[in-house]
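Shown next: my_file.txt, given as compact mmCIF, N, CA and C atoms.
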```txt
# COMPACT_ATOMS: atom_id res chain seq x y z
N MET B 21 -8.52 -13.34 26.26
CA MET B 21 -9.25 -12.21 26.82
C MET B 21 -10.65 -12.66 27.21
N ASP B 22 -11.11 -12.14 28.33
CA ASP B 22 -12.49 -12.44 28.71
C ASP B 22 -13.41 -11.36 28.12
N ARG B 23 -14.70 -11.53 28.31
CA ARG B 23 -15.69 -10.63 27.71
C ARG B 23 -15.46 -9.16 28.07
N SER B 24 -15.16 -8.90 29.33
CA SER B 24 -14.97 -7.51 29.75
C SER B 24 -13.71 -6.90 29.11
N GLU B 25 -12.66 -7.71 28.95
CA GLU B 25 -11.44 -7.23 28.30
C GLU B 25 -11.69 -6.97 26.81
N ILE B 26 -12.46 -7.84 26.19
CA ILE B 26 -12.79 -7.66 24.77
C ILE B 26 -13.59 -6.37 24.59
N ARG B 27 -14.63 -6.20 25.39
CA ARG B 27 -15.47 -5.00 25.29
C ARG B 27 -14.64 -3.74 25.52
N ALA B 28 -13.75 -3.78 26.52
CA ALA B 28 -12.89 -2.62 26.81
C ALA B 28 -11.96 -2.33 25.64
N PHE B 29 -11.39 -3.38 25.03
CA PHE B 29 -10.50 -3.17 23.89
C PHE B 29 -11.27 -2.54 22.73
N VAL B 30 -12.43 -3.08 22.40
CA VAL B 30 -13.23 -2.56 21.29
C VAL B 30 -13.63 -1.11 21.56
N ASP B 31 -14.05 -0.81 22.77
CA ASP B 31 -14.43 0.56 23.12
C ASP B 31 -13.25 1.52 22.97
N ARG B 32 -12.07 1.10 23.44
CA ARG B 32 -10.87 1.95 23.29
C ARG B 32 -10.50 2.10 21.82
N TRP B 33 -10.59 1.00 21.07
CA TRP B 33 -10.24 1.02 19.64
C TRP B 33 -11.05 2.07 18.90
N VAL B 34 -12.37 2.02 19.06
CA VAL B 34 -13.23 2.96 18.32
C VAL B 34 -13.05 4.39 18.85
N GLU B 35 -12.90 4.54 20.16
CA GLU B 35 -12.70 5.87 20.73
C GLU B 35 -11.40 6.49 20.23
N ASP B 36 -10.32 5.71 20.23
CA ASP B 36 -9.02 6.23 19.79
C ASP B 36 -9.02 6.55 18.30
N TRP B 37 -9.63 5.69 17.48
CA TRP B 37 -9.71 5.99 16.05
C TRP B 37 -10.55 7.24 15.79
N ASN B 38 -11.69 7.33 16.45
CA ASN B 38 -12.56 8.48 16.22
C ASN B 38 -11.95 9.79 16.70
N ALA B 39 -11.04 9.71 17.67
CA ALA B 39 -10.31 10.88 18.14
C ALA B 39 -9.07 11.15 17.28
N HIS B 40 -8.80 10.26 16.33
CA HIS B 40 -7.61 10.31 15.48
C HIS B 40 -6.34 10.31 16.34
N ASN B 41 -6.39 9.56 17.44
CA ASN B 41 -5.28 9.47 18.39
C ASN B 41 -4.41 8.26 18.01
N LEU B 42 -3.55 8.48 17.05
CA LEU B 42 -2.72 7.40 16.52
C LEU B 42 -1.80 6.79 17.57
N ASP B 43 -1.26 7.60 18.47
CA ASP B 43 -0.41 7.06 19.53
C ASP B 43 -1.18 6.06 20.38
N ALA B 44 -2.41 6.40 20.73
CA ALA B 44 -3.22 5.50 21.56
C ALA B 44 -3.56 4.23 20.80
N VAL B 45 -3.89 4.33 19.53
CA VAL B 45 -4.19 3.14 18.73
C VAL B 45 -2.98 2.22 18.69
N LEU B 46 -1.82 2.78 18.44
CA LEU B 46 -0.60 1.99 18.29
C LEU B 46 -0.11 1.35 19.58
N GLU B 47 -0.56 1.84 20.74
CA GLU B 47 -0.16 1.24 22.01
C GLU B 47 -0.54 -0.25 22.08
N HIS B 48 -1.52 -0.66 21.33
CA HIS B 48 -2.03 -2.03 21.39
C HIS B 48 -1.32 -2.98 20.42
N PHE B 49 -0.32 -2.48 19.69
CA PHE B 49 0.35 -3.27 18.67
C PHE B 49 1.80 -3.54 19.04
N ALA B 50 2.24 -4.76 18.77
CA ALA B 50 3.62 -5.16 19.02
C ALA B 50 4.55 -4.47 18.02
N ASP B 51 5.80 -4.31 18.41
CA ASP B 51 6.78 -3.68 17.52
C ASP B 51 6.93 -4.45 16.21
N HIS B 52 6.77 -5.76 16.25
CA HIS B 52 6.98 -6.60 15.07
C HIS B 52 5.67 -6.95 14.36
N VAL B 53 4.62 -6.17 14.58
CA VAL B 53 3.31 -6.43 13.99
C VAL B 53 3.39 -6.50 12.46
N VAL B 54 2.52 -7.34 11.89
CA VAL B 54 2.31 -7.39 10.45
C VAL B 54 0.84 -7.06 10.23
N PHE B 55 0.58 -6.10 9.35
CA PHE B 55 -0.78 -5.65 9.10
C PHE B 55 -1.00 -5.60 7.60
N THR B 56 -2.13 -6.14 7.14
CA THR B 56 -2.44 -6.10 5.72
C THR B 56 -3.69 -5.27 5.49
N SER B 57 -3.71 -4.58 4.34
CA SER B 57 -4.86 -3.74 4.02
C SER B 57 -4.86 -3.40 2.53
N PRO B 58 -6.03 -3.46 1.91
CA PRO B 58 -6.13 -3.01 0.53
C PRO B 58 -5.78 -1.52 0.40
N ASN B 59 -6.08 -0.73 1.42
CA ASN B 59 -5.74 0.70 1.37
C ASN B 59 -4.24 0.91 1.39
N ALA B 60 -3.51 0.06 2.10
CA ALA B 60 -2.05 0.19 2.13
C ALA B 60 -1.48 0.01 0.73
N ALA B 61 -2.04 -0.93 0.00
CA ALA B 61 -1.57 -1.16 -1.38
C ALA B 61 -1.82 0.07 -2.24
N GLU B 62 -2.90 0.77 -1.97
CA GLU B 62 -3.25 1.97 -2.74
C GLU B 62 -2.43 3.18 -2.30
N TRP B 63 -2.33 3.42 -0.99
CA TRP B 63 -1.70 4.63 -0.48
C TRP B 63 -0.19 4.55 -0.42
N ILE B 64 0.35 3.34 -0.23
CA ILE B 64 1.81 3.15 -0.20
C ILE B 64 2.10 1.94 -1.08
N PRO B 65 2.08 2.13 -2.41
CA PRO B 65 2.18 1.01 -3.35
C PRO B 65 3.37 0.08 -3.15
N THR B 66 4.47 0.60 -2.62
CA THR B 66 5.65 -0.25 -2.44
C THR B 66 5.42 -1.35 -1.42
N THR B 67 4.37 -1.25 -0.61
CA THR B 67 4.10 -2.26 0.42
C THR B 67 3.41 -3.49 -0.14
N GLY B 68 2.76 -3.35 -1.27
CA GLY B 68 1.95 -4.46 -1.78
C GLY B 68 0.80 -4.80 -0.84
N GLY B 69 0.47 -3.85 0.03
CA GLY B 69 -0.63 -4.06 0.97
C GLY B 69 -0.22 -4.69 2.28
N VAL B 70 1.08 -4.96 2.47
CA VAL B 70 1.57 -5.59 3.70
C VAL B 70 2.49 -4.60 4.43
N ILE B 71 2.09 -4.27 5.65
CA ILE B 71 2.86 -3.34 6.48
C ILE B 71 3.58 -4.16 7.54
N ARG B 72 4.87 -3.96 7.68
CA ARG B 72 5.67 -4.74 8.63
C ARG B 72 6.32 -3.83 9.66
N GLY B 73 5.94 -4.02 10.92
CA GLY B 73 6.52 -3.26 12.02
C GLY B 73 5.68 -2.06 12.42
N LYS B 74 5.79 -1.72 13.69
CA LYS B 74 4.98 -0.63 14.24
C LYS B 74 5.32 0.72 13.60
N ALA B 75 6.59 0.98 13.31
CA ALA B 75 6.97 2.25 12.68
C ALA B 75 6.33 2.39 11.31
N ALA B 76 6.34 1.32 10.54
CA ALA B 76 5.70 1.35 9.21
C ALA B 76 4.19 1.47 9.33
N LEU B 77 3.62 0.85 10.38
CA LEU B 77 2.18 0.96 10.61
C LEU B 77 1.81 2.40 10.94
N ARG B 78 2.64 3.06 11.74
CA ARG B 78 2.41 4.48 12.05
C ARG B 78 2.41 5.31 10.76
N GLU B 79 3.39 5.05 9.91
CA GLU B 79 3.48 5.80 8.65
C GLU B 79 2.23 5.58 7.80
N TYR B 80 1.82 4.33 7.65
CA TYR B 80 0.64 3.99 6.85
C TYR B 80 -0.60 4.67 7.40
N TRP B 81 -0.84 4.54 8.70
CA TRP B 81 -2.04 5.13 9.28
C TRP B 81 -1.98 6.65 9.28
N SER B 82 -0.80 7.24 9.33
CA SER B 82 -0.67 8.69 9.21
C SER B 82 -1.10 9.15 7.82
N VAL B 83 -0.67 8.40 6.82
CA VAL B 83 -1.10 8.70 5.45
C VAL B 83 -2.62 8.57 5.35
N GLY B 84 -3.16 7.52 5.94
CA GLY B 84 -4.60 7.29 5.91
C GLY B 84 -5.40 8.40 6.57
N LEU B 85 -4.92 8.87 7.72
CA LEU B 85 -5.63 9.96 8.41
C LEU B 85 -5.55 11.26 7.61
N ARG B 86 -4.44 11.50 6.93
CA ARG B 86 -4.35 12.70 6.08
C ARG B 86 -5.29 12.57 4.88
N ALA B 87 -5.40 11.36 4.33
CA ALA B 87 -6.26 11.12 3.17
C ALA B 87 -7.74 11.16 3.53
N GLN B 88 -8.05 10.85 4.80
CA GLN B 88 -9.44 10.79 5.26
C GLN B 88 -9.61 11.60 6.55
N PRO B 89 -9.56 12.92 6.45
CA PRO B 89 -9.63 13.73 7.66
C PRO B 89 -10.96 13.62 8.40
N ASP B 90 -11.98 13.09 7.73
CA ASP B 90 -13.29 12.91 8.37
C ASP B 90 -13.49 11.48 8.88
N LEU B 91 -12.40 10.72 8.99
CA LEU B 91 -12.49 9.33 9.41
C LEU B 91 -13.30 9.18 10.70
N HIS B 92 -14.23 8.26 10.67
CA HIS B 92 -15.08 7.98 11.83
C HIS B 92 -15.61 6.56 11.70
N PHE B 93 -15.56 5.80 12.79
CA PHE B 93 -16.04 4.42 12.79
C PHE B 93 -17.20 4.26 13.76
N GLU B 94 -18.11 3.38 13.39
CA GLU B 94 -19.20 2.96 14.26
C GLU B 94 -19.14 1.44 14.35
N VAL B 95 -18.92 0.92 15.54
CA VAL B 95 -18.83 -0.53 15.71
C VAL B 95 -20.21 -1.14 15.57
N ILE B 96 -20.28 -2.17 14.72
CA ILE B 96 -21.52 -2.92 14.53
C ILE B 96 -21.53 -4.12 15.46
N ALA B 97 -20.41 -4.84 15.49
CA ALA B 97 -20.30 -6.04 16.32
C ALA B 97 -18.83 -6.40 16.47
N SER B 98 -18.55 -7.25 17.45
CA SER B 98 -17.20 -7.80 17.60
C SER B 98 -17.35 -9.30 17.82
N TYR B 99 -16.34 -10.04 17.38
CA TYR B 99 -16.37 -11.50 17.43
C TYR B 99 -15.04 -11.97 18.02
N ALA B 100 -15.13 -12.76 19.08
CA ALA B 100 -13.94 -13.24 19.75
C ALA B 100 -13.65 -14.68 19.36
N GLY B 101 -12.37 -14.97 19.14
CA GLY B 101 -11.90 -16.33 18.88
C GLY B 101 -10.74 -16.61 19.82
N VAL B 102 -9.96 -17.61 19.50
CA VAL B 102 -8.78 -17.94 20.29
C VAL B 102 -7.67 -16.97 19.89
N ASN B 103 -7.31 -16.08 20.78
CA ASN B 103 -6.28 -15.06 20.52
C ASN B 103 -6.61 -14.17 19.32
N THR B 104 -7.87 -14.13 18.94
CA THR B 104 -8.28 -13.38 17.76
C THR B 104 -9.54 -12.59 18.07
N LEU B 105 -9.60 -11.38 17.52
CA LEU B 105 -10.76 -10.52 17.66
C LEU B 105 -11.09 -9.93 16.30
N VAL B 106 -12.35 -9.96 15.93
CA VAL B 106 -12.81 -9.31 14.70
C VAL B 106 -13.71 -8.16 15.11
N ILE B 107 -13.38 -6.98 14.61
CA ILE B 107 -14.21 -5.80 14.86
C ILE B 107 -14.90 -5.45 13.54
N ASN B 108 -16.21 -5.57 13.54
CA ASN B 108 -17.04 -5.26 12.38
C ASN B 108 -17.55 -3.83 12.57
N PHE B 109 -17.31 -2.97 11.58
CA PHE B 109 -17.65 -1.56 11.76
C PHE B 109 -18.09 -0.92 10.44
N ARG B 110 -18.70 0.24 10.58
CA ARG B 110 -19.11 1.06 9.43
C ARG B 110 -18.25 2.33 9.48
N ASN B 111 -17.73 2.73 8.32
CA ASN B 111 -16.90 3.93 8.30
C ASN B 111 -17.73 5.18 7.97
N GLN B 112 -17.06 6.30 7.85
CA GLN B 112 -17.72 7.58 7.64
C GLN B 112 -18.47 7.65 6.31
N HIS B 113 -18.19 6.74 5.39
CA HIS B 113 -18.88 6.71 4.10
C HIS B 113 -20.02 5.70 4.10
N GLY B 114 -20.26 5.07 5.25
CA GLY B 114 -21.32 4.07 5.36
C GLY B 114 -20.90 2.69 4.89
N ARG B 115 -19.61 2.52 4.58
CA ARG B 115 -19.11 1.22 4.12
C ARG B 115 -18.79 0.32 5.31
N VAL B 116 -19.11 -0.95 5.17
CA VAL B 116 -18.86 -1.93 6.22
C VAL B 116 -17.50 -2.57 6.00
N ALA B 117 -16.76 -2.75 7.10
CA ALA B 117 -15.43 -3.36 7.04
C ALA B 117 -15.18 -4.11 8.34
N ASN B 118 -14.07 -4.85 8.36
CA ASN B 118 -13.65 -5.58 9.54
C ASN B 118 -12.16 -5.38 9.76
N GLU B 119 -11.77 -5.42 11.01
CA GLU B 119 -10.36 -5.61 11.34
C GLU B 119 -10.28 -6.94 12.07
N VAL B 120 -9.41 -7.79 11.57
CA VAL B 120 -9.16 -9.10 12.16
C VAL B 120 -7.82 -8.99 12.87
N LEU B 121 -7.84 -9.11 14.19
CA LEU B 121 -6.65 -8.87 15.00
C LEU B 121 -6.26 -10.13 15.76
N THR B 122 -5.00 -10.52 15.64
CA THR B 122 -4.46 -11.67 16.36
C THR B 122 -3.52 -11.17 17.45
N PHE B 123 -3.72 -11.69 18.65
CA PHE B 123 -2.98 -11.24 19.82
C PHE B 123 -1.95 -12.26 20.27
N ASP B 124 -0.87 -11.74 20.84
CA ASP B 124 0.07 -12.53 21.62
C ASP B 124 0.11 -11.84 22.97
N GLY B 125 -0.60 -12.38 23.94
CA GLY B 125 -0.78 -11.68 25.21
C GLY B 125 -1.66 -10.46 24.97
N PRO B 126 -1.26 -9.31 25.50
CA PRO B 126 -2.10 -8.12 25.38
C PRO B 126 -1.92 -7.34 24.07
N LEU B 127 -0.93 -7.73 23.25
CA LEU B 127 -0.61 -6.95 22.06
C LEU B 127 -1.01 -7.65 20.76
N VAL B 128 -1.42 -6.84 19.80
CA VAL B 128 -1.74 -7.34 18.47
C VAL B 128 -0.44 -7.59 17.72
N VAL B 129 -0.29 -8.81 17.19
CA VAL B 129 0.90 -9.16 16.43
C VAL B 129 0.61 -9.29 14.94
N GLU B 130 -0.68 -9.42 14.61
CA GLU B 130 -1.07 -9.54 13.21
C GLU B 130 -2.46 -8.93 13.06
N GLY B 131 -2.64 -8.17 11.99
CA GLY B 131 -3.94 -7.57 11.73
C GLY B 131 -4.23 -7.55 10.25
N HIS B 132 -5.52 -7.59 9.95
CA HIS B 132 -5.96 -7.57 8.55
C HIS B 132 -7.20 -6.69 8.44
N ALA B 133 -7.10 -5.65 7.64
CA ALA B 133 -8.27 -4.83 7.32
C ALA B 133 -8.96 -5.51 6.14
N THR B 134 -10.26 -5.75 6.29
CA THR B 134 -11.02 -6.38 5.22
C THR B 134 -12.24 -5.53 4.93
N HIS B 135 -12.59 -5.44 3.67
CA HIS B 135 -13.70 -4.60 3.24
C HIS B 135 -14.77 -5.44 2.59
N LEU B 136 -16.01 -5.01 2.74
CA LEU B 136 -17.13 -5.70 2.13
C LEU B 136 -16.94 -5.75 0.62
N ASP B 137 -17.04 -6.91 0.06
CA ASP B 137 -16.89 -7.09 -1.38
C ASP B 137 -18.12 -6.54 -2.08
N GLY B 138 -17.88 -5.70 -3.06
CA GLY B 138 -19.01 -5.21 -3.85
C GLY B 138 -19.32 -3.78 -3.71
```
Show me this structure written as structure tokens.
Amino acid sequence: MDRSEIRAFVDRWVEDWNAHNLDAVLEHFADHVVFTSPNAAEWIPTTGGVIRGKAALREYWSVGLRAQPDLHFEVIASYAGVNTLVINFRNQHGRVANEVLTFDGPLVVEGHATHLDG
């Protein structure tokens, strides 16, 4: 992705999350995506924090949106790598976190939610 594509992706990501538009968020993920998150381990314990497939990701994020109806993100920065994008953001509680997204073409095939330690 070039700079303009990265900026457009990040802008859509935060806009879609802040609108709680799960369908729009999921459009960017491959059917076979693998996503890890400490919240997944908490909200859906059977996952062990690893979500496999877009349908399971929809279920996990639906649970998350119900658990956090005031969900809101503010992007602090984004970092581009080779087929990888890190979105550094602050959530509605003022906590800093990152999503580390790995792409295959235009779709995310692997993602990791990471939270500030401490």
* Can you list, as a PyMOL selection string, every residue of chain B that DSSP puts in helix (DSSP H, G or I)? -> chain B and resi 23-38+42-46+58-63+65-67+74-87
* Asked: Which parts of range 21-127 of chain B does DSSP call strand (DSSP E or B) when run on the backbone here, written out as a VMD selection string?
  -> chain B and resid 49 to 56 70 to 72 94 to 100 104 to 110 116 to 124 127
* All residues 6.5 Å or closer to Asn118 in chain B, all atoms listed in the file, same chain fewer than 4 positions away omitted, as a PyMOL selection string -> chain B and resi 106-109+132-136
* Asked: Hey, what's within 8 Å of Arg32 in chain B if we count all atoms listed in the file and toss same-chain stuff fewer than 5 positions away? As a PyMOL selection string, please?
  -> chain B and resi 26-27+37-38+44-45
* Interatomic distance between atom N of His113 in chain B and atom C of Tyr80 in chain B? ->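 Atom C of Tyr80 in chain B lies at a distance of 17.8 Å from atom N of His113 in chain B.
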* Looking at only N, CA and C atoms, which of B:Met21, B:Ala60, B:Val70, B:Leu46 is the one that sits closest to Thr104 in chain B? ->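 Of all the options, B:Met21 lies closest to Thr104 in chain B.
Atom pair CA of Asn59 in chain B / CA of Trp81 in chain B: separated by 9.8 Å.
For the pair CA of Pro58 in chain B and CA of Gly131 in chain B, the interatomic distance is 12.3 Å.
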* May I have the residues within 12 Å of Ala39 in chain B as number ranges by chain, using only C-alpha atoms and disregarding those fewer than 5 positions away in the same chain? => B: 32-34, 44-45, 85, 89-93
* List every protein, DNA or RNA residue that has at least one atom no more than 10 Å from (-1.1, -6.3, 25.5) in the file's coordinates, counting only C-alpha atoms, and write the result as number ranges by chain. => B: 47-50, 123-129
* Using only C-alpha atoms, which residue out of B:Ile96, B:Asp51, B:Asp31, B:Ala75 lies closest to Arg115 in chain B? ->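 Nearest candidate to Arg115 in chain B out of B:Ile96, B:Asp51, B:Asp31, B:Ala75: B:Ile96.
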